[in-house]
file run_24.cif (mmCIF, C-alpha atoms)
data_model
#
loop_
_atom_site.label_atom_id
_atom_site.label_comp_id
_atom_site.auth_asym_id
_atom_site.auth_seq_id
_atom_site.Cartn_x
_atom_site.Cartn_y
_atom_site.Cartn_z
CA MET A 165 77.07 -109.33 -184.73
CA THR A 166 77.66 -112.80 -186.15
CA GLU A 167 74.31 -114.49 -186.67
CA ILE A 168 75.27 -117.31 -189.01
CA LEU A 169 74.27 -120.77 -187.89
CA THR A 170 77.33 -122.69 -189.06
CA ASP A 171 77.22 -126.46 -189.57
CA ALA A 172 79.19 -126.96 -186.36
CA LEU A 173 76.85 -124.76 -184.31
CA PHE A 174 73.80 -126.36 -185.92
CA THR A 175 75.12 -129.75 -184.76
CA ASP A 176 75.70 -128.41 -181.23
CA PHE A 177 72.28 -126.79 -180.90
CA ARG A 178 70.32 -129.66 -182.42
CA LYS A 179 72.07 -132.10 -180.04
CA ILE A 180 71.22 -130.23 -176.85
CA ILE A 181 67.64 -129.72 -178.09
CA TYR A 182 67.26 -133.41 -178.89
CA ASP A 183 68.91 -134.63 -175.69
CA ALA A 184 66.64 -132.46 -173.58
CA SER A 185 63.32 -132.75 -175.39
CA GLY A 186 63.40 -135.33 -178.18
CA ILE A 187 62.59 -132.58 -180.69
CA THR A 188 64.53 -133.17 -183.90
CA PHE A 189 65.84 -130.43 -186.20
CA SER A 190 66.89 -131.58 -189.65
CA GLU A 191 68.11 -129.68 -192.70
CA THR A 192 64.49 -129.16 -193.78
CA ASN A 193 63.60 -127.16 -190.66
CA ARG A 194 67.05 -125.69 -190.00
CA SER A 195 65.80 -122.25 -191.09
CA ILE A 196 63.24 -122.27 -188.24
CA LEU A 197 66.00 -122.81 -185.70
CA ASP A 198 68.14 -120.16 -187.39
CA SER A 199 65.39 -117.53 -187.15
CA ARG A 200 64.65 -118.37 -183.48
CA LEU A 201 68.33 -118.05 -182.62
CA LYS A 202 68.58 -114.69 -184.34
CA GLU A 203 65.64 -113.48 -182.26
CA LYS A 204 67.37 -114.70 -179.11
CA LEU A 205 70.60 -112.85 -179.96
CA ARG A 206 68.66 -109.61 -180.39
CA GLU A 207 66.66 -110.23 -177.22
CA LYS A 208 69.77 -110.94 -175.11
CA ASN A 209 71.91 -108.32 -176.86
CA LEU A 210 74.66 -110.86 -177.49
CA ASP A 211 77.33 -110.68 -180.17
CA ASP A 212 77.30 -114.23 -181.47
CA LEU A 213 75.78 -117.70 -181.14
CA HIS A 214 78.77 -119.04 -179.23
CA GLN A 215 77.92 -116.67 -176.38
CA TYR A 216 74.27 -117.72 -176.44
CA TYR A 217 75.21 -121.42 -176.50
CA LYS A 218 77.41 -120.88 -173.44
CA LEU A 219 74.53 -119.05 -171.70
CA ILE A 220 71.90 -121.76 -172.19
CA THR A 221 74.27 -124.61 -171.33
CA SER A 222 75.19 -122.98 -168.03
CA ASN A 223 71.77 -121.61 -167.00
CA GLU A 224 68.83 -124.02 -166.66
CA GLU A 225 66.15 -121.30 -166.69
CA GLU A 226 67.58 -119.73 -169.84
CA PHE A 227 67.62 -123.17 -171.45
CA LYS A 228 63.92 -123.67 -170.62
CA LEU A 229 63.15 -120.30 -172.20
CA PHE A 230 65.12 -121.34 -175.27
CA LEU A 231 63.17 -124.61 -175.61
CA ASP A 232 59.99 -122.56 -175.21
CA SER A 233 60.99 -120.36 -178.15
CA ILE A 234 61.56 -123.23 -180.58
CA THR A 235 58.33 -125.13 -179.97
CA THR A 236 55.39 -124.65 -182.31
CA ASN A 237 52.19 -123.75 -180.45
CA LEU A 238 49.58 -124.02 -183.18
CA THR A 239 46.21 -124.99 -181.73
CA ARG A 240 42.55 -124.03 -181.58
CA PHE A 241 39.34 -124.98 -179.80
CA PHE A 242 37.65 -128.14 -181.12
CA ARG A 243 40.57 -128.86 -183.43
CA ASN A 244 39.84 -132.01 -185.47
CA GLN A 245 36.21 -132.43 -184.42
CA PRO A 246 36.02 -136.17 -185.33
CA HIS A 247 38.35 -136.93 -182.39
CA PHE A 248 35.92 -135.31 -179.98
CA ASP A 249 33.00 -137.10 -181.63
CA ALA A 250 34.81 -140.42 -181.06
CA LEU A 251 35.54 -139.40 -177.47
CA ILE A 252 31.90 -138.69 -176.61
CA ASN A 253 30.20 -141.40 -178.67
CA TYR A 254 32.64 -144.29 -178.23
CA VAL A 255 35.40 -143.77 -175.67
CA ILE A 256 33.44 -142.31 -172.76
CA PRO A 257 30.72 -145.02 -172.84
CA HIS A 258 33.41 -147.73 -172.88
CA VAL A 259 35.37 -146.06 -170.06
CA ILE A 260 32.18 -145.86 -167.99
CA GLU A 261 31.56 -149.59 -168.54
CA GLU A 262 35.05 -150.28 -167.15
CA LYS A 263 34.44 -147.95 -164.21
CA LYS A 264 31.28 -149.84 -163.25
CA LYS A 265 33.41 -152.91 -162.53
CA THR A 266 35.39 -151.09 -159.83
CA GLY A 267 32.98 -148.44 -158.58
CA ASP A 268 35.44 -145.70 -159.51
CA HIS A 269 33.51 -142.64 -160.69
CA LYS A 270 36.41 -140.40 -161.75
CA ILE A 271 37.67 -140.26 -165.35
CA ARG A 272 41.31 -139.21 -165.59
CA ILE A 273 42.61 -137.49 -168.72
CA TRP A 274 46.00 -136.18 -169.80
CA SER A 275 46.31 -133.51 -172.49
CA ALA A 276 50.01 -133.85 -173.35
CA GLY A 277 51.53 -131.01 -175.35
CA CYS A 278 48.50 -128.86 -174.51
CA SER A 279 50.04 -125.61 -175.81
CA THR A 280 47.90 -122.61 -174.78
CA GLY A 281 45.07 -124.68 -173.35
CA GLU A 282 42.47 -124.88 -176.09
CA GLU A 283 42.49 -128.69 -176.16
CA PRO A 284 42.04 -129.31 -172.41
CA TYR A 285 39.34 -126.64 -172.20
CA THR A 286 37.55 -128.25 -175.15
CA LEU A 287 37.69 -131.60 -173.33
CA ALA A 288 36.43 -130.01 -170.12
CA MET A 289 33.47 -128.33 -171.85
CA LEU A 290 32.44 -131.55 -173.56
CA LEU A 291 32.68 -133.62 -170.39
CA LYS A 292 30.84 -131.02 -168.32
CA ASP A 293 28.05 -131.16 -170.87
CA LYS A 294 27.95 -134.86 -171.75
CA LEU A 295 29.26 -136.87 -168.80
CA PRO A 296 26.39 -138.53 -166.89
CA ALA A 297 26.13 -138.50 -163.10
CA PRO A 298 27.69 -139.70 -160.88
CA TYR A 299 30.85 -139.54 -163.00
CA THR A 300 33.36 -136.72 -162.65
CA PHE A 301 36.63 -135.97 -164.40
CA GLU A 302 40.02 -134.40 -163.91
CA ILE A 303 42.38 -133.21 -166.63
CA THR A 304 46.13 -132.77 -166.43
CA ALA A 305 47.40 -130.45 -169.16
CA SER A 306 51.13 -130.33 -169.76
CA ASP A 307 53.57 -128.66 -172.11
CA ILE A 308 57.25 -127.84 -172.43
CA SER A 309 56.43 -124.19 -173.14
CA LEU A 310 56.10 -122.16 -169.94
CA LYS A 311 54.73 -119.22 -171.91
CA SER A 312 51.96 -121.34 -173.39
CA LEU A 313 51.10 -122.83 -170.00
CA MET A 314 50.68 -119.34 -168.57
CA VAL A 315 48.07 -118.56 -171.23
CA GLY A 316 46.22 -121.77 -170.39
CA GLN A 317 46.35 -121.10 -166.65
CA GLN A 318 45.00 -117.58 -167.12
CA GLY A 319 42.18 -118.89 -169.31
CA PHE A 320 41.73 -115.68 -171.30
CA TYR A 321 41.36 -115.74 -175.09
CA PRO A 322 40.86 -112.81 -177.48
CA ASN A 323 37.83 -112.80 -179.77
CA SER A 324 39.83 -114.21 -182.69
CA ARG A 325 40.76 -117.33 -180.70
CA VAL A 326 37.28 -118.51 -179.70
CA THR A 327 36.00 -119.19 -183.20
CA GLY A 328 34.82 -122.76 -183.42
CA ILE A 329 33.33 -122.86 -179.92
CA PRO A 330 29.55 -123.53 -180.12
CA GLN A 331 27.55 -120.54 -178.95
CA ASN A 332 25.89 -122.46 -176.13
CA TYR A 333 29.31 -123.48 -174.77
CA LEU A 334 30.64 -119.94 -175.14
CA ALA A 335 27.70 -118.66 -173.08
CA ALA A 336 27.90 -121.42 -170.47
CA TYR A 337 31.65 -121.59 -169.85
CA PHE A 338 33.06 -118.14 -170.71
CA THR A 339 32.56 -114.59 -169.50
CA LYS A 340 32.60 -111.95 -172.26
CA THR A 341 34.92 -108.98 -171.70
CA ASP A 342 35.77 -105.92 -173.77
CA THR A 343 38.72 -107.65 -175.44
CA GLY A 344 37.82 -111.33 -175.42
CA TYR A 345 36.54 -114.23 -173.33
CA GLN A 346 37.54 -115.45 -169.88
CA VAL A 347 37.03 -119.11 -168.94
CA LYS A 348 34.74 -119.35 -165.91
CA PRO A 349 36.29 -120.56 -162.63
CA ASP A 350 34.06 -123.65 -162.46
CA LEU A 351 35.61 -124.97 -165.68
CA MET A 352 39.14 -123.80 -164.88
CA LYS A 353 39.26 -125.82 -161.67
CA THR A 354 38.79 -129.09 -163.59
CA ILE A 355 42.22 -128.66 -165.23
CA LYS A 356 45.68 -128.72 -163.71
CA PHE A 357 48.33 -127.12 -165.93
CA ASP A 358 51.82 -128.46 -165.37
CA TYR A 359 55.24 -128.15 -166.98
CA HIS A 360 56.36 -131.49 -168.37
CA ASN A 361 58.96 -132.72 -170.83
CA LEU A 362 57.63 -135.77 -172.70
CA ARG A 363 61.14 -137.21 -172.72
CA TYR A 364 60.48 -138.25 -169.13
CA ASP A 365 57.80 -140.20 -167.26
CA MET A 366 55.26 -137.81 -165.76
CA GLY A 367 54.63 -140.18 -162.87
CA ALA A 368 50.86 -140.35 -163.40
CA ARG A 369 49.13 -143.74 -163.31
CA ASN A 370 45.68 -145.13 -164.09
CA LEU A 371 44.86 -142.51 -166.74
CA ASP A 372 41.79 -143.43 -168.78
CA ILE A 373 42.43 -141.18 -171.78
CA VAL A 374 45.54 -139.51 -173.20
CA PHE A 375 45.49 -136.85 -175.91
CA CYS A 376 48.87 -136.15 -177.52
CA ARG A 377 48.12 -134.68 -180.93
CA ASN A 378 50.58 -133.19 -183.40
CA VAL A 379 53.55 -133.58 -181.05
CA LEU A 380 55.15 -136.86 -182.13
CA ILE A 381 55.86 -135.41 -185.60
CA TYR A 382 58.64 -133.33 -184.02
CA PHE A 383 60.38 -136.43 -182.60
CA ASP A 384 62.55 -139.04 -184.25
CA GLU A 385 61.64 -142.74 -183.95
CA ALA A 386 63.58 -143.31 -180.73
CA ALA A 387 62.00 -140.33 -178.98
CA GLN A 388 58.55 -141.32 -180.27
CA LYS A 389 58.99 -144.82 -178.84
CA THR A 390 60.11 -143.46 -175.47
CA THR A 391 57.10 -141.14 -175.31
CA ILE A 392 54.62 -143.86 -176.31
CA ASP A 393 56.07 -146.20 -173.68
CA HIS A 394 55.60 -143.48 -171.04
CA PHE A 395 51.97 -143.15 -172.10
CA TRP A 396 51.45 -146.91 -171.81
CA ASN A 397 52.87 -146.93 -168.29
CA SER A 398 50.72 -143.99 -167.20
CA MET A 399 47.45 -145.48 -168.44
CA ALA A 400 44.89 -147.75 -166.79
CA LYS A 401 44.55 -151.40 -167.85
CA HIS A 402 41.91 -150.42 -170.41
CA ALA A 403 42.46 -146.92 -171.80
CA TYR A 404 42.56 -144.85 -174.97
CA LEU A 405 45.19 -142.77 -176.79
CA PHE A 406 44.51 -140.01 -179.32
CA ILE A 407 47.36 -138.80 -181.54
CA GLY A 408 47.30 -136.37 -184.48
CA HIS A 409 45.39 -137.40 -187.60
CA SER A 410 48.65 -137.25 -189.60
CA GLU A 411 50.54 -139.30 -187.00
CA SER A 412 50.71 -143.09 -186.70
CA LEU A 413 52.15 -145.83 -184.51
CA PHE A 414 52.41 -148.09 -187.56
CA GLY A 415 55.72 -149.94 -187.59
CA MET A 416 56.49 -149.02 -184.00
CA ASN A 417 57.10 -151.79 -181.47
CA THR A 418 54.23 -150.90 -179.15
CA LYS A 419 51.49 -152.76 -177.30
CA PHE A 420 48.77 -150.29 -178.29
CA GLU A 421 46.08 -151.64 -180.61
CA PHE A 422 44.81 -149.60 -183.55
CA LEU A 423 41.12 -148.79 -183.16
CA LYS A 424 38.89 -147.55 -185.97
CA THR A 425 35.58 -146.13 -184.81
CA GLU A 426 32.74 -144.67 -186.83
CA TRP A 427 34.07 -141.18 -186.10
CA ALA A 428 37.86 -141.35 -185.94
CA CYS A 429 40.87 -143.61 -185.54
CA LEU A 430 42.70 -143.89 -182.22
CA TYR A 431 44.63 -146.41 -180.12
CA GLU A 432 43.56 -148.67 -177.31
CA LYS A 433 45.35 -150.20 -174.34
CA LYS A 434 43.83 -153.51 -173.30
#

call {"tool": "encode", "arguments": {"input": "run_24.cif", "output": "structure tokens"}}
result
Amino acid sequence: MTEILTDALFTDFRKIIYDASGITFSETNRSILDSRLKEKLREKNLDDLHQYYKLITSNEEEFKLFLDSITTNLTRFFRNQPHFDALINYVIPHVIEEKKKTGDHKIRIWSAGCSTGEEPYTLAMLLKDKLPAPYTFEITASDISLKSLMVGQQGFYPNSRVTGIPQNYLAAYFTKTDTGYQVKPDLMKTIKFDYHNLRYDMGARNLDIVFCRNVLIYFDEAAQKTTIDHFWNSMAKHAYLFIGHSESLFGMNTKFEFLKTEWACLYEKK
């Protein structure tokens, strides 16, 4: 079995990955792609990468599974706590002030690149606990990884994955089982999990808050700009964008304004 990712094949694979998702593979992370492709050859019992390339370029479902395998799904509950502190102490009060002008009582949130669901469930727990009446919320959680979305939809997490959740939240929003914790139905119904490729417009409008953390780092500048423009178009006239603490819109031609709060830095659409 030939498993060598030649320069020519590397060029072919990185192009179809980029064209479909905006994810960029360079020489520095070539080894990651190489190892994922080797796994796929073993899984499909194919002789070489040319056969696998032909398979994924002629079968849309196989291509989705391939994209799933190359994405990094590192996440945890309450990841980067200062973002959630800024959400509760600054963003939500300001969103509510805007809502009072229109009489709209629903706060709309998008967790983009939600992976296995820890981020949207964290948001849902916080809003269930902190959001004053009569305000309600809805969360759309999207990812390019079907496998990750399935985990989020099922809402079950082993014991090792719930570290970081405050005990009162764990008791209020999860049911303990022999092997882990199951999110309670009342919390699950506040989130809609949906497959979405950030390369394209999701079609949502009037979103108040968008979380897209630690995703843009996998895109080149052009794909980042496309994604940020999609966010702008999906958001309400006054809304807020959270990106990863190591990510920045600095130098990008965007209308978002940098916002430094007492708790964390984020971006604002005015």

call {"tool": "resolve_selection", "arguments": {"input": "run_24.cif", "expression": "the PyMOL selection byres ((chain A and resi 329) around 12)", "output": "PDB file with C-alpha atoms, keeping the file's coordinate frame"}}
result
ATOM      1  CA  ARG A 240      42.550-124.030-181.580  1.00  0.00           C
ATOM      2  CA  PHE A 241      39.340-124.980-179.800  1.00  0.00           C
ATOM      3  CA  PHE A 242      37.650-128.140-181.120  1.00  0.00           C
ATOM      4  CA  ARG A 243      40.570-128.860-183.430  1.00  0.00           C
ATOM      5  CA  GLN A 245      36.210-132.430-184.420  1.00  0.00           C
ATOM      6  CA  GLU A 282      42.470-124.880-176.090  1.00  0.00           C
ATOM      7  CA  GLU A 283      42.490-128.690-176.160  1.00  0.00           C
ATOM      8  CA  TYR A 285      39.340-126.640-172.200  1.00  0.00           C
ATOM      9  CA  THR A 286      37.550-128.250-175.150  1.00  0.00           C
ATOM     10  CA  LEU A 287      37.690-131.600-173.330  1.00  0.00           C
ATOM     11  CA  MET A 289      33.470-128.330-171.850  1.00  0.00           C
ATOM     12  CA  LEU A 290      32.440-131.550-173.560  1.00  0.00           C
ATOM     13  CA  TYR A 321      41.360-115.740-175.090  1.00  0.00           C
ATOM     14  CA  ASN A 323      37.830-112.800-179.770  1.00  0.00           C
ATOM     15  CA  SER A 324      39.830-114.210-182.690  1.00  0.00           C
ATOM     16  CA  ARG A 325      40.760-117.330-180.700  1.00  0.00           C
ATOM     17  CA  VAL A 326      37.280-118.510-179.700  1.00  0.00           C
ATOM     18  CA  THR A 327      36.000-119.190-183.200  1.00  0.00           C
ATOM     19  CA  GLY A 328      34.820-122.760-183.420  1.00  0.00           C
ATOM     20  CA  PRO A 330      29.550-123.530-180.120  1.00  0.00           C
ATOM     21  CA  GLN A 331      27.550-120.540-178.950  1.00  0.00           C
ATOM     22  CA  ASN A 332      25.890-122.460-176.130  1.00  0.00           C
ATOM     23  CA  TYR A 333      29.310-123.480-174.770  1.00  0.00           C
ATOM     24  CA  LEU A 334      30.640-119.940-175.140  1.00  0.00           C
ATOM     25  CA  ALA A 335      27.700-118.660-173.080  1.00  0.00           C
ATOM     26  CA  ALA A 336      27.900-121.420-170.470  1.00  0.00           C
ATOM     27  CA  TYR A 337      31.650-121.590-169.850  1.00  0.00           C
ATOM     28  CA  PHE A 338      33.060-118.140-170.710  1.00  0.00           C
ATOM     29  CA  TYR A 345      36.540-114.230-173.330  1.00  0.00           C
TER      30      TYR A 345
END

call {"tool": "closest_residue", "arguments": {"input": "run_24.cif", "among": "A:Asp342, A:Asp249, A:Glu261, A:Asp268", "to": "Leu291 of chain A", "atoms": "all atoms listed in the file"}}
result
A:Asp249

call {"tool": "resolve_selection", "arguments": {"input": "run_24.cif", "expression": "the PyMOL selection byres ((chain A and resi 368-380) around 6)", "output": "list in words"}}
result
Arg272, Ile273, Trp274, Ser275, Ala276, Met366, Gly367, Ile381, Tyr382, Phe383, Gln388, Ser398, Met399, Ala400, Ala403, Tyr404, Leu405, Phe406, Ile407 and Gly408 of chain A

call {"tool": "atom_distance", "arguments": {"input": "run_24.cif", "atom1": "atom CA of Lys311 of chain A", "atom2": "atom CA of Thr188 of chain A"}}
result
20.8 Å

call {"tool": "resolve_selection", "arguments": {"input": "run_24.cif", "expression": "the PyMOL selection byres ((chain A and resi 253) around 12)", "output": "ChimeraX atom specification"}}
result
/A:246-252,254-260,290-291,294-295,425-428

call {"tool": "atom_distance", "arguments": {"input": "run_24.cif", "atom1": "atom CA of Ala386 of chain A", "atom2": "atom CA of Ile303 of chain A"}}
result
27.4 Å

call {"tool": "atom_distance", "arguments": {"input": "run_24.cif", "atom1": "atom CA of Asp293 of chain A", "atom2": "atom CA of Asp358 of chain A"}}
result
24.5 Å

call {"tool": "residues_around", "arguments": {"input": "run_24.cif", "residues": "Gly281 of chain A", "least_positions_apart": "2", "cutoff": "10 Å", "atoms": "all atoms listed in the file", "output": "short mmCIF file (atom, residue, chain, number, x, y, z; two decimals) with C-alpha atoms, in the coordinates of the input"}}
result
data_model
loop_
_atom_site.label_atom_id
_atom_site.label_comp_id
_atom_site.auth_asym_id
_atom_site.auth_seq_id
_atom_site.Cartn_x
_atom_site.Cartn_y
_atom_site.Cartn_z
CA THR A 239 46.21 -124.99 -181.73
CA ARG A 240 42.55 -124.03 -181.58
CA PHE A 241 39.34 -124.98 -179.80
CA SER A 275 46.31 -133.51 -172.49
CA GLY A 277 51.53 -131.01 -175.35
CA CYS A 278 48.50 -128.86 -174.51
CA SER A 279 50.04 -125.61 -175.81
CA GLU A 283 42.49 -128.69 -176.16
CA PRO A 284 42.04 -129.31 -172.41
CA TYR A 285 39.34 -126.64 -172.20
CA THR A 286 37.55 -128.25 -175.15
CA ALA A 305 47.40 -130.45 -169.16
CA SER A 306 51.13 -130.33 -169.76
CA ASP A 307 53.57 -128.66 -172.11
CA SER A 312 51.96 -121.34 -173.39
CA LEU A 313 51.10 -122.83 -170.00
CA MET A 314 50.68 -119.34 -168.57
CA VAL A 315 48.07 -118.56 -171.23
CA GLY A 316 46.22 -121.77 -170.39
CA GLN A 317 46.35 -121.10 -166.65
CA GLN A 318 45.00 -117.58 -167.12
CA GLY A 319 42.18 -118.89 -169.31
CA PHE A 320 41.73 -115.68 -171.30
CA TYR A 321 41.36 -115.74 -175.09
CA ILE A 355 42.22 -128.66 -165.23
CA PHE A 357 48.33 -127.12 -165.93
#

call {"tool": "residues_near_point", "arguments": {"input": "run_24.cif", "point": "(62.3, -124.5, -181.7)", "cutoff": "12 Å", "atoms": "only C-alpha atoms", "output": "JSON, numbers by chain"}}
result
{"A": [177, 178, 180, 181, 182, 185, 186, 187, 188, 189, 190, 193, 194, 195, 196, 197, 198, 199, 200, 201, 202, 203, 204, 227, 228, 229, 230, 231, 232, 233, 234, 235, 236, 237, 308, 309, 382]}

call {"tool": "axis_aligned_box", "arguments": {"input": "run_24.cif", "around": "segment 339-354 of chain A", "padding_each_side": "8 Å", "output": "AutoDock Vina command-line options"}}
result
--center_x 35.9 --center_y -117.5 --center_z -168.6 --size_x 22.7 --size_y 39.2 --size_z 29.8

call {"tool": "closest_residue", "arguments": {"input": "run_24.cif", "among": "A:Asp365, A:Asp183, A:Glu207, A:Asp212", "to": "Thr170 of chain A", "atoms": "only C-alpha atoms"}}
result
A:Asp212

call {"tool": "residues_around", "arguments": {"input": "run_24.cif", "residues": "Leu413 of chain A", "least_positions_apart": "2", "cutoff": "12 Å", "atoms": "all atoms listed in the file", "output": "VMD selection string"}}
result
chain A and resid 380 to 381 385 388 to 389 391 to 393 405 to 411 415 to 423 429 to 432

call {"tool": "closest_residue", "arguments": {"input": "run_24.cif", "among": "A:Glu226, A:Glu191, A:Thr300, A:Phe174", "to": "Leu213 of chain A", "atoms": "all atoms listed in the file"}}
result
A:Phe174

call {"tool": "build_atoms", "arguments": {"input": "run_24.cif", "residues": "segment 188-196 of chain A", "atoms": "all heavy atoms", "output": "PDB file, in the frame of the given file"}}
result
ATOM      1  N   THR A 188      63.479-132.980-182.906  1.00  0.00           N
ATOM      2  CA  THR A 188      64.530-133.170-183.900  1.00  0.00           C
ATOM      3  C   THR A 188      64.519-132.044-184.927  1.00  0.00           C
ATOM      4  O   THR A 188      63.481-131.750-185.527  1.00  0.00           O
ATOM      5  CB  THR A 188      64.328-134.515-184.636  1.00  0.00           C
ATOM      6  OG1 THR A 188      64.312-135.565-183.666  1.00  0.00           O
ATOM      7  CG2 THR A 188      65.450-134.761-185.630  1.00  0.00           C
ATOM      8  N   PHE A 189      65.673-131.419-185.127  1.00  0.00           N
ATOM      9  CA  PHE A 189      65.840-130.430-186.200  1.00  0.00           C
ATOM     10  C   PHE A 189      66.700-131.050-187.296  1.00  0.00           C
ATOM     11  O   PHE A 189      67.809-131.514-187.043  1.00  0.00           O
ATOM     12  CB  PHE A 189      66.488-129.150-185.673  1.00  0.00           C
ATOM     13  CG  PHE A 189      65.521-128.183-185.061  1.00  0.00           C
ATOM     14  CD1 PHE A 189      65.254-128.229-183.705  1.00  0.00           C
ATOM     15  CD2 PHE A 189      64.845-127.258-185.840  1.00  0.00           C
ATOM     16  CE1 PHE A 189      64.345-127.359-183.129  1.00  0.00           C
ATOM     17  CE2 PHE A 189      63.926-126.374-185.280  1.00  0.00           C
ATOM     18  CZ  PHE A 189      63.673-126.430-183.920  1.00  0.00           C
ATOM     19  N   SER A 190      66.162-131.053-188.495  1.00  0.00           N
ATOM     20  CA  SER A 190      66.890-131.580-189.650  1.00  0.00           C
ATOM     21  C   SER A 190      67.192-130.422-190.596  1.00  0.00           C
ATOM     22  O   SER A 190      66.853-129.265-190.313  1.00  0.00           O
ATOM     23  CB  SER A 190      66.037-132.631-190.362  1.00  0.00           C
ATOM     24  OG  SER A 190      64.838-132.037-190.831  1.00  0.00           O
ATOM     25  N   GLU A 191      67.812-130.724-191.719  1.00  0.00           N
ATOM     26  CA  GLU A 191      68.110-129.680-192.700  1.00  0.00           C
ATOM     27  C   GLU A 191      66.843-128.986-193.196  1.00  0.00           C
ATOM     28  O   GLU A 191      66.849-127.798-193.514  1.00  0.00           O
ATOM     29  CB  GLU A 191      68.888-130.263-193.881  1.00  0.00           C
ATOM     30  CG  GLU A 191      70.356-130.538-193.587  1.00  0.00           C
ATOM     31  CD  GLU A 191      71.152-129.281-193.263  1.00  0.00           C
ATOM     32  OE1 GLU A 191      70.760-128.179-193.705  1.00  0.00           O
ATOM     33  OE2 GLU A 191      72.172-129.399-192.555  1.00  0.00           O
ATOM     34  N   THR A 192      65.746-129.737-193.243  1.00  0.00           N
ATOM     35  CA  THR A 192      64.490-129.160-193.780  1.00  0.00           C
ATOM     36  C   THR A 192      63.897-128.091-192.870  1.00  0.00           C
ATOM     37  O   THR A 192      63.245-127.174-193.339  1.00  0.00           O
ATOM     38  CB  THR A 192      63.434-130.262-194.008  1.00  0.00           C
ATOM     39  OG1 THR A 192      63.249-130.983-192.786  1.00  0.00           O
ATOM     40  CG2 THR A 192      63.871-131.221-195.092  1.00  0.00           C
ATOM     41  N   ASN A 193      64.118-128.210-191.552  1.00  0.00           N
ATOM     42  CA  ASN A 193      63.600-127.160-190.660  1.00  0.00           C
ATOM     43  C   ASN A 193      64.711-126.381-189.953  1.00  0.00           C
ATOM     44  O   ASN A 193      64.484-125.743-188.940  1.00  0.00           O
ATOM     45  CB  ASN A 193      62.605-127.732-189.647  1.00  0.00           C
ATOM     46  CG  ASN A 193      63.177-128.872-188.818  1.00  0.00           C
ATOM     47  OD1 ASN A 193      64.365-129.162-188.888  1.00  0.00           O
ATOM     48  ND2 ASN A 193      62.318-129.517-188.043  1.00  0.00           N
ATOM     49  N   ARG A 194      65.905-126.436-190.540  1.00  0.00           N
ATOM     50  CA  ARG A 194      67.050-125.690-190.000  1.00  0.00           C
ATOM     51  C   ARG A 194      66.774-124.185-189.983  1.00  0.00           C
ATOM     52  O   ARG A 194      67.168-123.484-189.042  1.00  0.00           O
ATOM     53  CB  ARG A 194      68.287-125.991-190.846  1.00  0.00           C
ATOM     54  CG  ARG A 194      69.541-125.237-190.422  1.00  0.00           C
ATOM     55  CD  ARG A 194      70.750-125.739-191.189  1.00  0.00           C
ATOM     56  NE  ARG A 194      71.946-124.960-190.949  1.00  0.00           N
ATOM     57  CZ  ARG A 194      73.180-125.371-191.219  1.00  0.00           C
ATOM     58  NH1 ARG A 194      73.372-126.569-191.747  1.00  0.00           N
ATOM     59  NH2 ARG A 194      74.225-124.608-190.980  1.00  0.00           N
ATOM     60  N   SER A 195      66.069-123.700-190.991  1.00  0.00           N
ATOM     61  CA  SER A 195      65.800-122.250-191.090  1.00  0.00           C
ATOM     62  C   SER A 195      64.942-121.760-189.921  1.00  0.00           C
ATOM     63  O   SER A 195      65.070-120.606-189.496  1.00  0.00           O
ATOM     64  CB  SER A 195      65.097-121.929-192.417  1.00  0.00           C
ATOM     65  OG  SER A 195      63.868-122.608-192.509  1.00  0.00           O
ATOM     66  N   ILE A 196      64.067-122.643-189.397  1.00  0.00           N
ATOM     67  CA  ILE A 196      63.240-122.270-188.240  1.00  0.00           C
ATOM     68  C   ILE A 196      64.141-122.034-187.031  1.00  0.00           C
ATOM     69  O   ILE A 196      64.020-121.031-186.329  1.00  0.00           O
ATOM     70  CB  ILE A 196      62.200-123.369-187.925  1.00  0.00           C
ATOM     71  CG1 ILE A 196      61.230-123.526-189.096  1.00  0.00           C
ATOM     72  CG2 ILE A 196      61.449-123.056-186.632  1.00  0.00           C
ATOM     73  CD1 ILE A 196      60.288-124.712-188.958  1.00  0.00           C
TER      74      ILE A 196
END
